[in-house]
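Novice: Next up is a structure, given as C-alpha cells.
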Amino acid sequence: MSDTQPKPRASFQAPKGTRDLYPADAAKRRFITEAWRSASVRFGFDEIDGPTFEQLDLYTVKSGEGIISELFSFRRAGGDDDYALRPEFTPTLARMYAAQAKQLPRPTKWFMAGPFFRAERPQRGRLREFLQWNADFLGLDVPDDAPEEARLTARARADAEVISCCIGFLRELGLTSSDIRVKVNHRHALSLWLSSRNIDPSRHVELFSLLDAKGKLKPEEFAAKLAAFGFTMQQAEIFQKGLIRVTVDTAPGAPNDDVLDLTFFSEAVAPLVKALTSAGVLDWIDFDLSIVRGLAYYTGMVFEVHEAGGKERAIAGGGRYDGLVELFGGPSTPAVGFGMGDVVLSLVLEDRGLMPSGPALIARTGSRPDAFVISNGTPEASAQIAPVVAALRAAGLHARHSYKATGNIGKLLKDAASCAARFAVIVESSTHATLKSLDDGSQHPDIPLIELVKRLG
RNA sequence: GUGGCCAUAGCUCAGUUGGCAGAGCACCGGGUUGUGAUCCCGGUUGUCGCGGGUUCGAGUCCCGUUGGCCACCCCA
C-alpha cells in the first residue's frame with residue numbers, strides 16, 4: 001500500500017436531504033413510478049425526458065435571480081459556463097417544445113417522471129432530491145383562428161383532462177374523493193369577478209398574495225386586510241374557510257351567494273365545471289378562491305391536490321401557463337400541466353395503508369419469481385437444482401433457489417414465500433419433482449423435470 | 001438562511017450522580033415435525049455519527065462538526 005492511498009474513512013453519510021433506497025424502498029419507488037407511467041399512458045400522454053442539469057440561465061429566465069440560492073449550481077473545473085441541477089421540469093419542457101414547435105401535433109401531450117433537486121432545508125414532505133411526475137397539455141384542439149368562445153371551451157377541456165389524469169392516478173392507487181381534495185381556482189375568473197366588484201386590476205396581484213397568505217395571518221388580521229378591498233367580516237370568513245360552491249349550471253351557488261355574489265366567477269368557470277363533470281371527477285373538486293399558487297406565470301386555472309385532512313403539504317400542483325412557451329423563444333402556445341412529487345404522496349399512501357409491502361409489493365412491481373427450486377435433501381435431488389434453475393431461466397422464467405445449507409423443507413418453503421414465488425419446485429430425485437403452488441397450497445407430485453418449463457410457463 | 005429536539009448492533013431501542021457494551025427483532029448455523037404459523041439450541045455484527053477537550057477513567061460532561069426529525073422562510 002503506498003503512502004498516497006487514501007485512508008479508509010470510518011463513516012460516510014448520504015448527503016443531506018437524499019435517500020438510500022434498499023430493496024424494499026426501491027420497490028416502493030418503482031410502485032409509484034409505474035403507476036405514474038400507467039396513468040399517463042392511459043390518458044394518452046407520451047413520455048419524454050430531458051437533461052438532469054441545464055444552463056443556469058434557463059431557470060433565471062422564468063423565476064429571476066432570486067431562484068439561484070435554491071438551486072444546486074456548479075461550474076466545470078476550468079470551464080466558464082454555469083449549470084444547475086434541474087429544480088423543476090417546466091423550463092426544460094418549454095425549451096423542448098419551443099425547439100420543435102412547428103412540427104409538433106396540436107395538442108401535444110407529454111409526461112415525464114424523474115429526479116429533481118432543490119437546495120432547501122429538508123423537513124416533513126420535502127427533500128433535496130425527489131422524484132416528480134409532470135404531465136402537460138400544450139396547444140389546443142381547435143385552430144388558432146377559431147372564435148374566442150371555442151378557444152375558451154377548448155382550454156377548459158384541456159384543463160379538465162390534465163386534472164382528470166391526476167385524479168385517475170390517485171384512483172388507481174385506491175385513494176378516493178374522501179381521502180383527497182383537488183382545490184381549484186381560476187386566476188382569470190377571479191380577476192373578472194374582482195373587476196365586477198370595482199376592484200382595480202392593478203390591485204389584483206396584491207389581493208392574490210393576500211389570499212395566498214391567509215393561513216399565516218390571524219383571522220382578524222386577514223379580515224382587516226380584506227376590508228381594504230371592500231369585503232365585509234362575513235365575506236372574509238368565507239375566504240378563510242376557502243371552500244366556494246360552484247354548481248354545474250352556473251346558477252348562483254348557495255349558501256355563499258347570500259354574502260358573496262359570485263355570479264361573474266361562476267360564469268367564467270362554467271366551461272371548466274362542465275368539462276370536469278363530463279370527465280366524471282367533479283366529486284373530487286373544491287373551488288377555493290385562496291388557491292393562487294406563488295408563480296407569476298399562471299394565467300388561468302390553477303389547482304393543488306391535498307390530503308383531505310389538510311395535514312400534509314400539497315401532493316401536486318399545477319395550472320395554465322399560456323405565456324411560458326413564448327418566454328422561452330417558441331410560438332405563443334396555450335399550455336396546462338402539473339407536477340406531483342413522490343415524498344408527500346408516499347406519506348399519504350403509508351398513512352392510509354395503501355402502500356403495499358412485502359410479497360404484495362413484489363407482486364405489484366412484477367418481480368415475483370415463477371419458481372423457487374429446492375431439494376428434498378437427497379444428493380441426487382440436490383444435484384439437479386443448478387440444471388433445473390438454468391433450464392427455467394433459459395426458458396425466460398424467473399427462477400430462484402436457496403443459498404442456505406439447510407435441508408429443512410419448512411425453512412426453504414418460508415424462503416420461497418418471502419420472495420413471493422408463484423411455485424415451489426421440490427426436486428425429489430434425479431428425474432422428478434413436486435410442484436407446489438404457493439398461492440393456494442395445492443401440490444402436484446411426480447412431475448418430470450423436463451416438463452417443468454411447460455407446467456410453469 | 002434562523003430556531004428546538006435527536007444520533008448506541010442491519011432495524012427498534014435500553015444503558016443509573018462518569019466505572020467491564022445490552023435486549024428484542026432480523027440474519028446465519030444446528031436440531032425436531034416432509035410442507036409456508038411454529039418450537040428448541042447456538043452464533044456473527046459496534047472506533048457508542050465524526051473530531052477535539054475535561055478526567056485516573058467519557059456512550060454519559062463541555063466545544064465544534066456532519067446527518068436526521070420538527071417548525072420558520074420558501075415552495076417552481
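Convention: chains lettered A, B, ... in C-alpha cells order; per-chain residue numbering from 1; ligands numbered from 1 as shown.
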Counting only C-alpha atoms (C1' of nucleotides), give me one row per residue of region 10-72 of chain B with an atom at most 12 Å from an atom of region 418-440 of chain A, showing the shortest contact pair and its distance in Å to one decimal, sorted by chain then residue number, as a Markdown table.

Specialist:
| residue | atom | partner | partner_atom | distance |
| --- | --- | --- | --- | --- |
| B:G34 | C1' | A:Ile426 | CA | 10.7 |
| B:U35 | C1' | A:Lys436 | CA | 9.2 |
| B:G36 | C1' | A:Leu438 | CA | 7.8 |

Novice: Go ahead and save the residues from that selection, with C-alpha atoms (C1' of nucleotides), as a PDB file, in the first residue's frame.

Specialist:
ATOM      1  C1'   G B  34     -41.511 -33.984   4.758  1.00  0.00           C
ATOM      2  C1'   U B  35     -44.605 -28.537   3.774  1.00  0.00           C
ATOM      3  C1'   G B  36     -45.126 -21.765   4.337  1.00  0.00           C
TER       4        G B  36
END

Novice: Among region 193-418 of chain A, which ones does DSSP assign to strand (DSSP E) (computed from the backbone)? Answer as a PyMOL selection string.

Specialist: chain A and resi 243-244+285-288+301-307+316-320+335-341+371-375+399-401

Novice: I need the residues from that last selection saved to file as a compact mmCIF listing (two decimals), in the first residue's frame (with N, CA, C and O atoms), if you can.

Specialist:
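That gives us again21.txt:
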# COMPACT_ATOMS: atom_id res chain seq x y z
N LEU A 243 -63.65 27.21 1.00
CA LEU A 243 -64.50 26.41 0.12
C LEU A 243 -65.63 27.23 -0.50
O LEU A 243 -66.45 27.81 0.20
N ILE A 244 -65.64 27.27 -1.81
CA ILE A 244 -66.68 28.00 -2.52
C ILE A 244 -67.46 27.01 -3.36
O ILE A 244 -66.87 26.20 -4.08
N ILE A 285 -63.51 17.70 -6.60
CA ILE A 285 -63.13 19.11 -6.76
C ILE A 285 -63.76 20.01 -5.72
O ILE A 285 -64.96 19.92 -5.45
N ASP A 286 -62.95 20.90 -5.14
CA ASP A 286 -63.46 22.02 -4.35
C ASP A 286 -62.94 23.28 -5.02
O ASP A 286 -61.74 23.40 -5.26
N PHE A 287 -63.82 24.22 -5.31
CA PHE A 287 -63.32 25.52 -5.75
C PHE A 287 -62.89 26.29 -4.52
O PHE A 287 -63.58 26.27 -3.51
N ASP A 288 -61.74 26.88 -4.60
CA ASP A 288 -61.17 27.57 -3.44
C ASP A 288 -60.48 28.84 -3.94
O ASP A 288 -59.44 28.78 -4.58
N MET A 301 -56.64 28.60 -15.00
CA MET A 301 -56.93 27.62 -13.96
C MET A 301 -55.65 27.31 -13.17
O MET A 301 -54.58 27.17 -13.75
N VAL A 302 -55.79 27.22 -11.85
CA VAL A 302 -54.71 26.72 -11.01
C VAL A 302 -55.30 25.69 -10.06
O VAL A 302 -56.48 25.79 -9.70
N PHE A 303 -54.51 24.70 -9.67
CA PHE A 303 -55.04 23.72 -8.72
C PHE A 303 -53.95 23.13 -7.85
O PHE A 303 -52.77 23.14 -8.20
N GLU A 304 -54.39 22.65 -6.69
CA GLU A 304 -53.50 21.94 -5.77
C GLU A 304 -54.24 20.71 -5.29
O GLU A 304 -55.45 20.76 -5.06
N VAL A 305 -53.50 19.62 -5.09
CA VAL A 305 -54.09 18.39 -4.59
C VAL A 305 -53.63 18.21 -3.15
O VAL A 305 -52.43 18.23 -2.88
N HIS A 306 -54.60 18.06 -2.25
CA HIS A 306 -54.27 17.94 -0.83
C HIS A 306 -54.91 16.71 -0.23
O HIS A 306 -55.97 16.29 -0.65
N GLU A 307 -54.25 16.21 0.81
CA GLU A 307 -54.85 15.18 1.65
C GLU A 307 -56.07 15.84 2.31
O GLU A 307 -56.01 17.01 2.70
N ALA A 316 -49.78 17.61 -5.14
CA ALA A 316 -49.50 18.01 -6.52
C ALA A 316 -50.00 19.43 -6.71
O ALA A 316 -50.82 19.92 -5.93
N GLY A 317 -49.49 20.08 -7.75
CA GLY A 317 -49.95 21.42 -8.05
C GLY A 317 -49.70 21.74 -9.50
O GLY A 317 -48.78 21.19 -10.12
N GLY A 318 -50.53 22.61 -10.05
CA GLY A 318 -50.32 22.96 -11.45
C GLY A 318 -51.31 24.01 -11.90
O GLY A 318 -52.01 24.60 -11.08
N GLY A 319 -51.34 24.21 -13.20
CA GLY A 319 -52.26 25.20 -13.73
C GLY A 319 -51.94 25.53 -15.17
O GLY A 319 -51.10 24.89 -15.81
N ARG A 320 -52.61 26.58 -15.63
CA ARG A 320 -52.46 27.01 -17.03
C ARG A 320 -51.41 28.11 -17.12
O ARG A 320 -51.43 29.06 -16.33
N ALA A 335 -50.99 26.38 -22.73
CA ALA A 335 -50.48 25.15 -22.11
C ALA A 335 -50.98 25.02 -20.69
O ALA A 335 -51.21 26.02 -20.00
N VAL A 336 -51.16 23.76 -20.28
CA VAL A 336 -51.60 23.49 -18.91
C VAL A 336 -50.91 22.21 -18.45
O VAL A 336 -50.71 21.29 -19.25
N GLY A 337 -50.54 22.18 -17.17
CA GLY A 337 -49.86 20.99 -16.68
C GLY A 337 -49.75 21.01 -15.17
O GLY A 337 -50.17 21.96 -14.52
N PHE A 338 -49.16 19.92 -14.65
CA PHE A 338 -48.98 19.85 -13.20
C PHE A 338 -47.76 19.02 -12.88
O PHE A 338 -47.23 18.30 -13.74
N GLY A 339 -47.31 19.14 -11.64
CA GLY A 339 -46.23 18.30 -11.14
C GLY A 339 -46.67 17.63 -9.85
O GLY A 339 -47.41 18.23 -9.06
N MET A 340 -46.22 16.38 -9.65
CA MET A 340 -46.52 15.66 -8.41
C MET A 340 -45.24 15.02 -7.91
O MET A 340 -44.59 14.27 -8.64
N GLY A 341 -44.88 15.30 -6.65
CA GLY A 341 -43.67 14.72 -6.07
C GLY A 341 -43.96 13.40 -5.39
O GLY A 341 -45.11 13.09 -5.06
N ALA A 371 -40.67 -19.56 -10.07
CA ALA A 371 -40.38 -20.81 -9.38
C ALA A 371 -39.26 -20.61 -8.37
O ALA A 371 -38.30 -19.88 -8.62
N PHE A 372 -39.40 -21.27 -7.22
CA PHE A 372 -38.34 -21.32 -6.22
C PHE A 372 -37.98 -22.80 -6.08
O PHE A 372 -38.80 -23.61 -5.66
N VAL A 373 -36.75 -23.12 -6.48
CA VAL A 373 -36.37 -24.53 -6.60
C VAL A 373 -35.64 -24.99 -5.34
O VAL A 373 -34.64 -24.39 -4.94
N ILE A 374 -36.16 -26.06 -4.71
CA ILE A 374 -35.50 -26.61 -3.53
C ILE A 374 -35.34 -28.12 -3.70
O ILE A 374 -35.97 -28.73 -4.57
N SER A 375 -34.51 -28.67 -2.86
CA SER A 375 -34.25 -30.12 -2.95
C SER A 375 -34.84 -30.80 -1.73
O SER A 375 -34.97 -30.19 -0.67
N ALA A 399 -36.49 -17.69 -12.07
CA ALA A 399 -36.27 -18.82 -11.16
C ALA A 399 -35.25 -18.45 -10.09
O ALA A 399 -34.26 -17.79 -10.37
N ARG A 400 -35.55 -18.88 -8.88
CA ARG A 400 -34.62 -18.66 -7.77
C ARG A 400 -34.41 -19.96 -7.03
O ARG A 400 -35.18 -20.91 -7.19
N HIS A 401 -33.38 -19.97 -6.19
CA HIS A 401 -33.17 -21.12 -5.32
C HIS A 401 -32.58 -20.59 -4.03
O HIS A 401 -32.18 -19.43 -3.94

Novice: Give as a PDB file with all heavy atoms, in the first residue's frame every residue of chain A that touches chain B within 7 Å, counting only C-alpha atoms (C1' of nucleotides).

Specialist:
ATOM      1  N   GLN A  13     -21.880   9.436   5.218  1.00  0.00           N
ATOM      2  CA  GLN A  13     -23.340   9.518   5.315  1.00  0.00           C
ATOM      3  C   GLN A  13     -23.880   9.993   3.973  1.00  0.00           C
ATOM      4  O   GLN A  13     -23.188  10.684   3.240  1.00  0.00           O
ATOM      5  CB  GLN A  13     -23.745  10.518   6.403  1.00  0.00           C
ATOM      6  CG  GLN A  13     -23.343  10.075   7.807  1.00  0.00           C
ATOM      7  CD  GLN A  13     -23.588  11.169   8.835  1.00  0.00           C
ATOM      8  OE1 GLN A  13     -23.126  12.289   8.690  1.00  0.00           O
ATOM      9  NE2 GLN A  13     -24.327  10.843   9.874  1.00  0.00           N
ATOM     10  N   LYS A  16     -27.223  15.418   2.858  1.00  0.00           N
ATOM     11  CA  LYS A  16     -28.450  15.950   3.463  1.00  0.00           C
ATOM     12  C   LYS A  16     -29.614  15.958   2.467  1.00  0.00           C
ATOM     13  O   LYS A  16     -29.456  16.420   1.335  1.00  0.00           O
ATOM     14  CB  LYS A  16     -28.163  17.379   3.923  1.00  0.00           C
ATOM     15  CG  LYS A  16     -29.314  18.073   4.619  1.00  0.00           C
ATOM     16  CD  LYS A  16     -29.115  19.593   4.616  1.00  0.00           C
ATOM     17  CE  LYS A  16     -27.888  20.004   5.417  1.00  0.00           C
ATOM     18  NZ  LYS A  16     -28.217  20.880   6.546  1.00  0.00           N
ATOM     19  N   GLU A  88     -37.049  21.791 -11.403  1.00  0.00           N
ATOM     20  CA  GLU A  88     -38.409  21.608 -11.911  1.00  0.00           C
ATOM     21  C   GLU A  88     -38.279  21.290 -13.390  1.00  0.00           C
ATOM     22  O   GLU A  88     -37.202  21.410 -13.971  1.00  0.00           O
ATOM     23  CB  GLU A  88     -39.225  22.887 -11.732  1.00  0.00           C
ATOM     24  CG  GLU A  88     -38.587  24.075 -12.445  1.00  0.00           C
ATOM     25  CD  GLU A  88     -39.523  25.257 -12.589  1.00  0.00           C
ATOM     26  OE1 GLU A  88     -40.730  25.030 -12.763  1.00  0.00           O
ATOM     27  OE2 GLU A  88     -39.021  26.398 -12.560  1.00  0.00           O
ATOM     28  N   ILE A 409     -37.137 -28.542   4.855  1.00  0.00           N
ATOM     29  CA  ILE A 409     -38.065 -28.109   3.809  1.00  0.00           C
ATOM     30  C   ILE A 409     -38.952 -26.963   4.278  1.00  0.00           C
ATOM     31  O   ILE A 409     -39.268 -26.052   3.520  1.00  0.00           O
ATOM     32  CB  ILE A 409     -38.898 -29.317   3.323  1.00  0.00           C
ATOM     33  CG1 ILE A 409     -37.962 -30.255   2.545  1.00  0.00           C
ATOM     34  CG2 ILE A 409     -40.049 -28.858   2.445  1.00  0.00           C
ATOM     35  CD1 ILE A 409     -38.644 -31.438   1.928  1.00  0.00           C
ATOM     36  N   GLY A 410     -39.312 -26.977   5.557  1.00  0.00           N
ATOM     37  CA  GLY A 410     -40.129 -25.891   6.088  1.00  0.00           C
ATOM     38  C   GLY A 410     -39.426 -24.541   5.977  1.00  0.00           C
ATOM     39  O   GLY A 410     -40.013 -23.544   5.569  1.00  0.00           O
ATOM     40  N   LEU A 413     -39.266 -23.494   2.285  1.00  0.00           N
ATOM     41  CA  LEU A 413     -40.556 -23.004   1.800  1.00  0.00           C
ATOM     42  C   LEU A 413     -40.817 -21.593   2.313  1.00  0.00           C
ATOM     43  O   LEU A 413     -41.429 -20.767   1.635  1.00  0.00           O
ATOM     44  CB  LEU A 413     -41.685 -23.948   2.226  1.00  0.00           C
ATOM     45  CG  LEU A 413     -41.782 -25.239   1.403  1.00  0.00           C
ATOM     46  CD1 LEU A 413     -42.786 -26.191   2.031  1.00  0.00           C
ATOM     47  CD2 LEU A 413     -42.172 -24.937  -0.042  1.00  0.00           C
ATOM     48  N   LYS A 414     -40.341 -21.334   3.519  1.00  0.00           N
ATOM     49  CA  LYS A 414     -40.504 -19.987   4.060  1.00  0.00           C
ATOM     50  C   LYS A 414     -39.734 -18.976   3.205  1.00  0.00           C
ATOM     51  O   LYS A 414     -40.216 -17.876   2.928  1.00  0.00           O
ATOM     52  CB  LYS A 414     -40.002 -19.962   5.498  1.00  0.00           C
ATOM     53  CG  LYS A 414     -40.327 -18.676   6.225  1.00  0.00           C
ATOM     54  CD  LYS A 414     -39.826 -18.743   7.649  1.00  0.00           C
ATOM     55  CE  LYS A 414     -39.886 -17.375   8.312  1.00  0.00           C
ATOM     56  NZ  LYS A 414     -39.273 -17.398   9.643  1.00  0.00           N
ATOM     57  N   ALA A 417     -41.718 -18.370   0.149  1.00  0.00           N
ATOM     58  CA  ALA A 417     -42.863 -17.497   0.397  1.00  0.00           C
ATOM     59  C   ALA A 417     -42.420 -16.046   0.571  1.00  0.00           C
ATOM     60  O   ALA A 417     -43.105 -15.125   0.123  1.00  0.00           O
ATOM     61  CB  ALA A 417     -43.619 -17.975   1.629  1.00  0.00           C
TER      62      ALA A 417
END

Novice: Among the residues of region 21-212 of chain A, find those DSSP assigns to alpha helix (DSSP H) from the backbone and print them as a ChimeraX atom specification.

Specialist: /A:23-42,56-63,90-100,148-172,187-196,204-212

Novice: Quote the spacing between CA of Leu361 (chain A) and CA of Phe31 (chain A) in Å to one decimal place.

Specialist: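 These atoms are spaced 7.5 Å apart.
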
Novice: Select, from B:C25, B:G64, B:G46, B:C56, the residue with the minimum atom-to-atom distance to C13 (chain B), counting only C-alpha atoms (C1' of nucleotides).

Specialist: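 Using only C-alpha atoms (C1' of nucleotides), C13 (chain B) sits closest to B:C25.
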
Novice: Select, from A:Gln384, A:Glu350, A:Asp283, A:Ala24, the residue with the minimum atom-to-atom distance to Ser178 (chain A), counting only C-alpha atoms.

Specialist: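 That would be A:Asp283, the residue with the smallest distance to Ser178 (chain A).
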
Novice: To one decimal place, how far is CA of Ala119 (chain A) from CA of Phe72 (chain A) in Å?

Specialist: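 These two atoms are separated by 5.8 Å.
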
Novice: Residues within 7 Å of region 47-50 of chain A, please, as a ChimeraX atom specification. Count only C-alpha atoms (C1' of nucleotides); anything in the same chain fewer than 4 positions from it doesn't count.

Specialist: /A:92,110-112
